[in-house]
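**Student:** Below is the structure I would like to discuss, written out as structure tokens.
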Amino acid sequence: MEAASPAIARVWFDGELVDADGPRVGVTTHALHYGSGVFEGIRAYATRDGAAVFRLADHLERMRKGATLLGIAVDPDVAAEAVVRTLRANGHRDAYVRPLAWVGAGSFGLDVAGHAQHFMVATTPTPVHLGGARTRLGVSRWRRNPARALPPLKLCGGYVNSILAKREAKARGCDEALFVDDDGFVVECTGANVFAVSGDRIVAVEHADALPGITRDTLVATCGAECRPMSLAELRDADEVFVCGTAAEVTPIAALEEREYGVGPVTREIAALYARLVRGLESMPAAWLATA
């Protein structure tokens with residue numbers, strides 16, 4: 001593990017809380033060479049009743065699915081306890097939470113059998129990703145990993161695809177990259193799902209290669225968005241465009257290549273609704289907020 005941020009005092013590592021700069025991994029760690037790990041991005045928020053983690057069970061169930069594909073054992077109940085204990089140990093209320101499970105040291109080769117398995121949780125108050133700021137999108141020359149080749153889950157190795165697209169977008173002066181497929185249909189951004197607003201219609205862009213985002217699911221359930229495929233041409237013609245994700249929350253898009261968008265009232269309303277939801281100020285299923 002890299003040197004920890006000063007804001008991260010303690011991490012959960014293989015069943016116990018330890019100093020953040022304590023854990024070490026071997027140079028033959030399988031995940032280091034082959035990307036054999038799975039992670040989640042989760043957020044905790046300060047509420048009237050103290051810190052609460054938004055949709056923790058859903059995040060950890062998605063993590064379990066990815067881990068199972070790699071032969072890694074992740075128990076969502078054990079992982080949830082680790083998340084809560086790490087947040088408490090660091091005194092974090094508004095925080096980003098990163099659980100990670102990975103295949104450890106052993107011989108070289110693709111077979112994961114016989115390797116140790118590890119699990120960690122780190123929490124940080126530092127804002128990450130787009131952070132709600134108005135963003136300029138560039139259409140990536142890269143294609144998203146096709147679901148028939150790599151399942152749309154948070155597998156560590158799969159995010160090299162996002163790194164390549166993000167680097168290219170930033171080299172062109174954009175903040176974020178937008179993936180489209182070979183037929184010109186929108187997939188998603190490097191770490192966020194896409195929504196479009198035209199008049200009073202809200203569309204959550206749907207694509208088989210996109211991550212089934214938990215924030216996306218939250219917004220669809222609460223703002224009545226239609227879920228369907230969308231071409232890049234239709235997205236350009238929308239009145240408003242925003243993207244969403246655990247780290248990005250609800251982020252308005254200022255421009256898509258040369259197409260500029262104004263500050264949209266629907267996007268503002270949805271962003272405000274989401275901010276109330278995650279802090280327990282709006283009606284929602286009780287299971288969506290887990291007390292930390």
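Scheme for the structure tokens: letters A, B, ... for chains in order shown; per-chain residue numbers from 1; ligand numbers from 1 in order shown.
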Fewer than 2 positions away in the same chain doesn't count, so skip those; otherwise give me all residues within 10 Å of A:Gly106, counting only C-alpha atoms, as an MDAnalysis selection string.

**Tutor:** chainID A and resid 26:30 103:104 108:109 112:116

**Student:** With 8 Å as the cut-off and only C-alpha atoms counted, what is the closest atom pair between each nearby residue of stretch 23-127 of chain A and stretch 197-216 of chain A? Distances in Å to one decimal, ordered by chain and number, as JSON lines.

**Tutor:**
{"residue": "A:Arg55", "atom": "CA", "partner": "A:Ile214", "partner_atom": "CA", "distance": 7.8}
{"residue": "A:Asp58", "atom": "CA", "partner": "A:Ile214", "partner_atom": "CA", "distance": 7.4}
{"residue": "A:His59", "atom": "CA", "partner": "A:Ile214", "partner_atom": "CA", "distance": 7.3}

**Student:** So, with only C-alpha atoms as the atoms that count, which of A:Arg172, A:Arg134, A:Arg10, A:His118 lies closest to A:Ser36?

**Tutor:**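 Looking at the shortest contact to A:Ser36, the residue is A:His118.
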
**Student:** Write out as a list in words which residues come within 10 Å of A:Arg268 when counting only C-alpha atoms, dropping same-chain ones fewer than 6 positions away.

**Tutor:** Phe242, Val250, Thr251, Pro252 and Tyr274 of chain A

**Student:** Taking 4 positions as the minimum chain separation for residues in the same chain, which residues sit within 9 Å of A:Lys65 when counting only C-alpha atoms? Answer as a VMD selection string.

**Tutor:** chain A and resid 60 to 61 69 74 153

**Student:** Which residues are near A:Glu176? Cut-off 9 Å, only C-alpha atoms, ignore same chain within fewer than 3 positions. Put them as a ChimeraX atom specification.

**Tutor:** /A:130,135-139,165-167,169-170,189-190

**Student:** Based on DSSP run over this structure's backbone, return all residues of stretch 107-218 of chain A in helix (DSSP H, G or I), as number ranges by chain.

**Tutor:** A: 156-171, 214-218

**Student:** Which residues, written as a PyMOL selection string, have at least one atom at most 7 Å from A:Lys154, with only C-alpha atoms counted and residues fewer than 6 positions away on the same chain left out?

**Tutor:** chain A and resi 38-40+66

**Student:** Give me every strand (DSSP E) residue in stretch 173-230 of chain A, going by DSSP on the backbone, as a ChimeraX atom specification.

**Tutor:** /A:176-180,186-189,193-198,201-205,226-228

**Student:** Report, in Å with one decimal, the straight-line distance from atom CA of A:Val78 to atom CA of A:Cys156.

**Tutor:**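 If I compute the distance from atom CA of A:Val78 to atom CA of A:Cys156, I get 20.9 Å.
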
**Student:** Just the residues within 10 Å of A:Phe13, please, counting only C-alpha atoms, with nothing from its chain fewer than 6 positions along; format it as a ChimeraX atom specification.

**Tutor:** /A:19-20,22-23,82,86,99-101,118-122

**Student:** Determine the nearest neighbour of A:Leu256 from the options A:Asp14, A:Asp239, A:Asp111, A:Asp75, counting only C-alpha atoms.

**Tutor:**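 Looking at the shortest contact to A:Leu256, the residue is A:Asp239.
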
**Student:** Using atom CA of A:Pro152 and atom CA of A:Ile270 as the two end points, give the distance in Å to one decimal.

**Tutor:**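 Answer for the atom CA of A:Pro152 to atom CA of A:Ile270 separation: 25.4 Å.
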
**Student:** Using Å and a single decimal, report how far atom CA of A:Asn145 sits from atom CA of A:Arg236.

**Tutor:**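 The value is 23.0 Å.
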
**Student:** Counting only C-alpha atoms, which of A:Pro265, A:Ser283, A:Leu32, A:Arg228 gets nearest to A:Val187?

**Tutor:** A:Arg228
